[in-house]
Amino acid sequence: MPRFFTGDELGAIKSVSYSRKESNEGWDAAANTLLEGTSSGSRSRAIQKFAVASNPENGAEKLVKSFLKLAAARADGSASVFHLAADSTLEEKSTWRESRLKENQSYAGLSFGKRGIYSCTSNGALRLTAIGGEDFPETKTAPQLATLPSRLAEWRLASNEQTFAYAGDEVELSVWDTERAFASSAAEDASSDKPLDGSSKKRKRTEQLLPGEIWRAKNVGTVHSTLPAATFTYLQTSASSSQQHLLVGTQFGDVRRYDTRTARRPVSNWKGIGKTGGIGTVKNGLNEHQVFVSDRGSSLYALDLRNGKVSFGYKGFSGAVTSLAVCPSFMASTAEDRYVRLHSTFPPPAQVGQQQEHKGEVLEKTYVKVVPTVVLWDGVDEVAASNAQREAAEDDDDEVWDEMEEAESDEENVKGRKKTRAK
C-alpha cells in the first residue's frame with residue numbers, strides 16, 4: 001500500500017506507510033523515523049524542499065525492492081542526497097551548501113534530473129549538482145551555477161527537464177529553457193568580474209525577456225501592481241519548450257490557468273477559490289482534469305480544471321496545509337496542526353456540470369510532534385509492479401510451453417523420418 005516521506009521543522013525525515021485493517025473497515029499507519037531532527041529546537045535545519053527518485057535501472061517488476069534516492073534542502077542552506085535501501089536504512093551519500101543563500105532567504109525548489117539535482121533559492125541562486133551513479137561514488141565535477149531574478153516563492157522543473165518555471169513576490173510566472181539559462185549565466189560570469197550573487201539579474205520593469213527566458217506572464221492587475229503569485233504547478237509538460245500548461249495560485253485566493261502557446265494572460269481566472277490568506281499549495285492530480293488546491297487557512301479542495309468548480313472538499317483541518325503528495329487513488333497531506341493525513345481521491349464527473357458521485361475524504365490521520373513541512377510519495381506503484389510481475393511470470397510460463405511444444409514437434413519429426421525409412 002502507499003508509502004510517503006515527510007520532513008519537518010527540526011530536520012527529521014520520516015516514512016509513513018498505510019495498510020488496510022484486517023476488518024477492511026479502516027486504515028493503519030506505520031510511521032518510521034529515518035533521520036532524527038536536531039534536539040536544540042533550532043529551525044535552522046528545517047527541511048524546506050524535498051525530492052525523490054527511484055532507481056531508473058530497475059524495471060517495474062523490481063521497483064518495489066529497488067533503492068530510492070532522497071534529497072533534502074534545509075533552511076541553513078545545506079542540501080543532502082540519501083540512499084534509502086529496501087530495509088528502510090537511510091544513508092547520507094553526498095552533501096553541499098548553497099553559499100549564495102543569505103539570511104531570511106529560503107529554497108524555492110529542488111528536483112532530481114538525469115544530470116544531477118537542481119536546486120533554486122528565493123534569491124535566484126540556481127544550481128545543478130552532479131551526483132554519482134547507482135552506488136553514489138564521489139564526484140569532483142563542479143556544480144553548474146546560474147542566476148535568476150530574486151524574490152522567488154516557487155521554482156519547478158518540468159518532467160522532461162527541458163524547461164523550468166518560477167513565480168514569486170512581485171515576480172510574474174516565467175518559463176525558462178534549462179540549458180540556455182545555465183549557458184547564459186556562464187557567459188555572463190566569464191565576461192564579468194562581478195560575483196554570482198543575483199545582483200546582475202534584478203528584475204527590471206521591462207517587457208523584454210531575459211537571456212534563457214522563453215515566456216513570461218503578463219500583469220493582469222492594475223498598472224501599479226504585479227502578478228501576486230503564491231505557488232504553481234506544471235499541468236502538462238510538452239515536448240516543445242514553448243508549449244506549456246501551468247496553473248498558478250495567487251495571494252488573492254485566485255487560481256489562474258496559463259497556456260504559453262496562446263497568450264501571456266491567463267486563459268482561465270477562477271476567483272475566490274482560497275478563502276483565507278490566499279492559495280497555499282497547488283498540486284496536479286493523477287486523474288484527468290483534476291487539481292488539488294489549499295488556502296492558508298484550513299481548506300483543501302479538489303478542483304475541476306474544465307470549469308474551475310470545486311468538486312469536493314476535505315474536512316477536519318485545524319491548520320493550513322503545508323504540502324501535498326498524490327499517488328494512484330490516494331493523496332497525503334501535511335499541515336500546521338501537526339497531522340499527516342491520508343485522503344481518498346476520485347475523478348471529476350465524466351461530463352462537465354454533472355454531480356460528483358463519489359467524494360474524497362480523510363481516511364487516516366497521524367499526529368507528529370513537530371510541524372511537518374513537506375511530504376512526498378515514494379513513487380512505487382505496487383499495483384503496477386504486481387501486474388508487471390504477474391505478466392513476467394506469464395511470459396516465462398509461455399516460454400516454457402513454447403519450448404515443450406518445440407521439443408514434442410522435434411520428437412514427432414524424428415519418429416516420422418524413422419517410419420519412412422522402415423517402409
# chains A, B, ... in the order shown; residues from 1 in each chain; ligands from 1
$ select_by_dssp --residues "segment 145-359 of chain A" --states "helix (DSSP H, G or I)" --output "compact mmCIF listing (two decimals) with all heavy atoms, in the first residue's frame"
# COMPACT_ATOMS: atom_id res chain seq x y z
N THR A 178 16.12 25.36 -19.85
CA THR A 178 17.09 24.97 -18.82
C THR A 178 18.54 25.12 -19.29
O THR A 178 19.37 25.73 -18.59
CB THR A 178 16.84 23.51 -18.40
OG1 THR A 178 15.47 23.36 -17.98
CG2 THR A 178 17.74 23.13 -17.23
N GLU A 179 18.86 24.58 -20.45
CA GLU A 179 20.24 24.65 -20.93
C GLU A 179 20.67 26.09 -21.18
O GLU A 179 21.80 26.48 -20.84
CB GLU A 179 20.39 23.81 -22.19
CG GLU A 179 20.33 22.31 -21.95
CD GLU A 179 20.75 21.52 -23.17
OE1 GLU A 179 21.20 22.15 -24.15
OE2 GLU A 179 20.64 20.27 -23.14
N ARG A 180 19.79 26.88 -21.77
CA ARG A 180 20.13 28.27 -22.07
C ARG A 180 20.31 29.09 -20.81
O ARG A 180 21.12 30.03 -20.78
CB ARG A 180 19.05 28.88 -22.97
CG ARG A 180 19.07 28.36 -24.41
CD ARG A 180 17.86 28.83 -25.18
NE ARG A 180 17.72 30.28 -25.11
CZ ARG A 180 16.60 30.93 -25.42
NH1 ARG A 180 15.52 30.26 -25.80
NH2 ARG A 180 16.55 32.25 -25.34
N ALA A 181 19.58 28.77 -19.76
CA ALA A 181 19.71 29.51 -18.51
C ALA A 181 21.11 29.36 -17.93
O ALA A 181 21.74 30.34 -17.52
CB ALA A 181 18.67 29.01 -17.50
N PHE A 182 21.63 28.12 -17.95
CA PHE A 182 22.98 27.90 -17.45
C PHE A 182 24.03 28.46 -18.40
O PHE A 182 25.04 29.02 -17.97
CB PHE A 182 23.22 26.40 -17.21
CG PHE A 182 22.57 25.87 -15.98
CD1 PHE A 182 21.42 25.09 -16.06
CD2 PHE A 182 23.10 26.14 -14.73
CE1 PHE A 182 20.82 24.59 -14.93
CE2 PHE A 182 22.50 25.65 -13.57
CZ PHE A 182 21.35 24.87 -13.68
N ALA A 183 23.78 28.32 -19.69
CA ALA A 183 24.75 28.81 -20.68
C ALA A 183 24.87 30.33 -20.62
O ALA A 183 25.97 30.88 -20.68
CB ALA A 183 24.33 28.37 -22.08
N SER A 184 23.74 31.02 -20.49
CA SER A 184 23.78 32.49 -20.46
C SER A 184 24.45 33.00 -19.20
O SER A 184 25.21 33.96 -19.22
CB SER A 184 22.37 33.05 -20.57
OG SER A 184 21.57 32.64 -19.47
N SER A 185 24.22 32.33 -18.08
CA SER A 185 24.86 32.73 -16.83
C SER A 185 26.36 32.48 -16.88
O SER A 185 27.16 33.28 -16.39
CB SER A 185 24.25 32.00 -15.64
OG SER A 185 22.95 32.47 -15.38
N ALA A 186 26.76 31.37 -17.50
CA ALA A 186 28.19 31.07 -17.64
C ALA A 186 28.87 32.10 -18.51
O ALA A 186 29.99 32.55 -18.22
CB ALA A 186 28.38 29.67 -18.22
N ALA A 187 28.20 32.52 -19.58
CA ALA A 187 28.78 33.53 -20.46
C ALA A 187 28.91 34.87 -19.75
O ALA A 187 29.93 35.57 -19.87
CB ALA A 187 27.91 33.68 -21.71
N GLU A 188 27.89 35.24 -18.97
CA GLU A 188 27.95 36.50 -18.23
C GLU A 188 29.04 36.47 -17.18
O GLU A 188 29.77 37.44 -16.96
CB GLU A 188 26.60 36.78 -17.57
CG GLU A 188 25.50 37.15 -18.55
CD GLU A 188 24.20 37.47 -17.84
OE1 GLU A 188 24.23 37.55 -16.60
OE2 GLU A 188 23.18 37.62 -18.52
N ASP A 189 29.16 35.31 -16.51
CA ASP A 189 30.18 35.18 -15.46
C ASP A 189 31.58 35.26 -16.05
O ASP A 189 32.50 35.81 -15.45
CB ASP A 189 29.98 33.84 -14.74
CG ASP A 189 30.86 33.72 -13.51
OD1 ASP A 189 31.00 34.72 -12.80
OD2 ASP A 189 31.42 32.63 -13.30
N ALA A 190 31.75 34.69 -17.24
CA ALA A 190 33.07 34.71 -17.87
C ALA A 190 33.46 36.11 -18.34
O ALA A 190 34.65 36.44 -18.42
CB ALA A 190 33.08 33.74 -19.06
N SER A 199 22.86 39.95 -8.11
CA SER A 199 22.76 41.39 -8.31
C SER A 199 22.70 41.76 -9.78
O SER A 199 22.23 42.83 -10.14
CB SER A 199 23.96 42.08 -7.65
OG SER A 199 25.17 41.60 -8.21
N SER A 200 23.19 40.86 -10.67
CA SER A 200 23.22 41.20 -12.08
C SER A 200 21.91 40.93 -12.80
O SER A 200 21.76 41.27 -13.96
CB SER A 200 24.32 40.39 -12.77
OG SER A 200 24.04 39.00 -12.64
N LYS A 201 20.95 40.31 -12.08
CA LYS A 201 19.69 39.99 -12.74
C LYS A 201 18.50 40.43 -11.91
O LYS A 201 17.54 39.70 -11.74
CB LYS A 201 19.60 38.49 -13.01
CG LYS A 201 20.35 38.06 -14.24
CD LYS A 201 19.95 36.68 -14.68
CE LYS A 201 20.69 36.26 -15.94
NZ LYS A 201 20.33 34.90 -16.37
$ select_by_dssp --residues "segment 229-320 of chain A" --states "strand (DSSP E)" --output "number ranges by chain"
A: 229-237, 244-250, 255-259, 268-270, 279-284, 290-295, 300-304, 309-314
$ closest_residue --among "A:Val248, A:Val368, A:Ala79, A:Ala125" --to "Asn32 of chain A" --atoms "only C-alpha atoms"
A:Val368
$ residues_around --residues "segment 297-311 of chain A" --least-positions-apart "2" --cutoff "10 Å" --atoms "only C-alpha atoms" --output "PyMOL selection string"
chain A and resi 235+247+255-257+268-271+273-285+288-295+313-321+324+333+335-337+345-349+351-360
$ atom_distance --atom1 "atom CA of Arg97 of chain A" --atom2 "atom CA of Ser78 of chain A"
4.1 Å
$ residues_around --residues "segment 169-176 of chain A" --least-positions-apart "6" --cutoff "6 Å" --atoms "only C-alpha atoms" --output "PDB file with N, CA and C atoms, in the first residue's frame"
ATOM      1  N   ARG A 151      13.487  37.163  -5.088  1.00  0.00           N
ATOM      2  CA  ARG A 151      12.144  37.215  -4.509  1.00  0.00           C
ATOM      3  C   ARG A 151      11.253  36.114  -5.080  1.00  0.00           C
ATOM      4  N   THR A 163      12.639  22.528 -19.518  1.00  0.00           N
ATOM      5  CA  THR A 163      12.294  23.866 -19.034  1.00  0.00           C
ATOM      6  C   THR A 163      12.110  23.850 -17.529  1.00  0.00           C
ATOM      7  N   GLY A 212      17.717  33.268 -21.894  1.00  0.00           N
ATOM      8  CA  GLY A 212      17.266  31.974 -21.408  1.00  0.00           C
ATOM      9  C   GLY A 212      15.782  31.917 -21.105  1.00  0.00           C
ATOM     10  N   GLU A 213      15.163  33.075 -20.915  1.00  0.00           N
ATOM     11  CA  GLU A 213      13.726  33.136 -20.623  1.00  0.00           C
ATOM     12  C   GLU A 213      12.946  33.024 -21.934  1.00  0.00           C
ATOM     13  N   ILE A 214      11.934  32.145 -21.979  1.00  0.00           N
ATOM     14  CA  ILE A 214      11.191  31.935 -23.221  1.00  0.00           C
ATOM     15  C   ILE A 214       9.742  32.404 -23.137  1.00  0.00           C
ATOM     16  N   TRP A 215       9.256  32.682 -21.945  1.00  0.00           N
ATOM     17  CA  TRP A 215       7.872  33.164 -21.803  1.00  0.00           C
ATOM     18  C   TRP A 215       7.700  33.773 -20.415  1.00  0.00           C
ATOM     19  N   ARG A 216       6.890  34.822 -20.340  1.00  0.00           N
ATOM     20  CA  ARG A 216       6.591  35.453 -19.051  1.00  0.00           C
ATOM     21  C   ARG A 216       5.140  35.907 -19.033  1.00  0.00           C
ATOM     22  N   ALA A 217       4.452  35.620 -17.958  1.00  0.00           N
ATOM     23  CA  ALA A 217       3.055  36.017 -17.837  1.00  0.00           C
ATOM     24  C   ALA A 217       2.944  37.536 -17.812  1.00  0.00           C
ATOM     25  N   THR A 226       1.700  43.938  -9.627  1.00  0.00           N
ATOM     26  CA  THR A 226       2.259  42.823 -10.376  1.00  0.00           C
ATOM     27  C   THR A 226       1.515  41.553  -9.999  1.00  0.00           C
ATOM     28  N   LEU A 227       1.743  40.513 -10.751  1.00  0.00           N
ATOM     29  CA  LEU A 227       1.054  39.253 -10.530  1.00  0.00           C
ATOM     30  C   LEU A 227       1.381  38.714  -9.134  1.00  0.00           C
TER      31      LEU A 227
END
$ residues_around --residues "segment 17-31 of chain A" --least-positions-apart "2" --cutoff "6 Å" --atoms "only C-alpha atoms" --output "MDAnalysis selection string"
chainID A and resid 1:3 15
$ write_last_selection --atoms "N, CA, C and O atoms" --output "mmCIF file, in the first residue's frame"
data_model
loop_
_atom_site.group_PDB
_atom_site.id
_atom_site.type_symbol
_atom_site.label_atom_id
_atom_site.label_comp_id
_atom_site.auth_asym_id
_atom_site.auth_seq_id
_atom_site.Cartn_x
_atom_site.Cartn_y
_atom_site.Cartn_z
ATOM 1 N N MET A 1 0.841 -1.192 0.000
ATOM 2 C CA MET A 1 0.000 0.000 0.000
ATOM 3 C C MET A 1 0.880 1.248 0.000
ATOM 4 O O MET A 1 2.100 1.149 0.107
ATOM 5 N N PRO A 2 0.304 2.443 -0.075
ATOM 6 C CA PRO A 2 1.122 3.636 -0.310
ATOM 7 C C PRO A 2 2.068 3.962 0.834
ATOM 8 O O PRO A 2 1.778 3.739 2.007
ATOM 9 N N ARG A 3 3.221 4.514 0.452
ATOM 10 C CA ARG A 3 4.211 4.982 1.424
ATOM 11 C C ARG A 3 4.623 6.402 1.048
ATOM 12 O O ARG A 3 4.826 6.722 -0.117
ATOM 13 N N SER A 15 9.167 8.111 7.312
ATOM 14 C CA SER A 15 8.337 7.422 6.325
ATOM 15 C C SER A 15 7.036 7.035 7.004
ATOM 16 O O SER A 15 7.018 6.665 8.188
#
$ residues_around --residues "Ser39 of chain A" --least-positions-apart "5" --cutoff "12 Å" --atoms "only C-alpha atoms" --output "ChimeraX atom specification"
/A:9-12,44-45,370
$ write_last_selection --atoms "C-alpha atoms" --output "compact mmCIF listing (two decimals), in the first residue's frame"
# COMPACT_ATOMS: atom_id res chain seq x y z
CA GLU A 9 10.81 21.94 11.03
CA LEU A 10 13.64 20.32 13.01
CA GLY A 11 15.13 18.45 10.05
CA ALA A 12 13.76 14.97 10.73
CA SER A 44 17.89 26.20 11.01
CA ARG A 45 17.76 22.56 9.94
CA VAL A 370 6.91 18.60 15.10
$ residues_around --residues "Leu84 of chain A" --least-positions-apart "3" --cutoff "9 Å" --atoms "only C-alpha atoms" --output "MDAnalysis selection string"
chainID A and resid 34 67:70 87:92
$ closest_residue --among "A:Tyr107, A:Phe4, A:Phe50, A:Phe112" --to "Val374 of chain A" --atoms "only C-alpha atoms"
A:Phe50
$ closest_residue --among "A:Tyr258, A:Tyr339, A:Phe330, A:Trp377" --to "Gln243 of chain A" --atoms "only C-alpha atoms"
A:Tyr258
$ closest_residue --among "A:Gln162, A:Ser122, A:Leu128, A:Lys365" --to "Pro149 of chain A" --atoms "only C-alpha atoms"
A:Ser122
$ closest_residue --among "A:Val81, A:Ala130, A:Leu246, A:Ala71" --to "Arg264 of chain A" --atoms "only C-alpha atoms"
A:Leu246
$ closest_residue --among "A:Thr260, A:Ser99, A:Ser119, A:Gln48" --to "Arg74 of chain A" --atoms "only C-alpha atoms"
A:Gln48
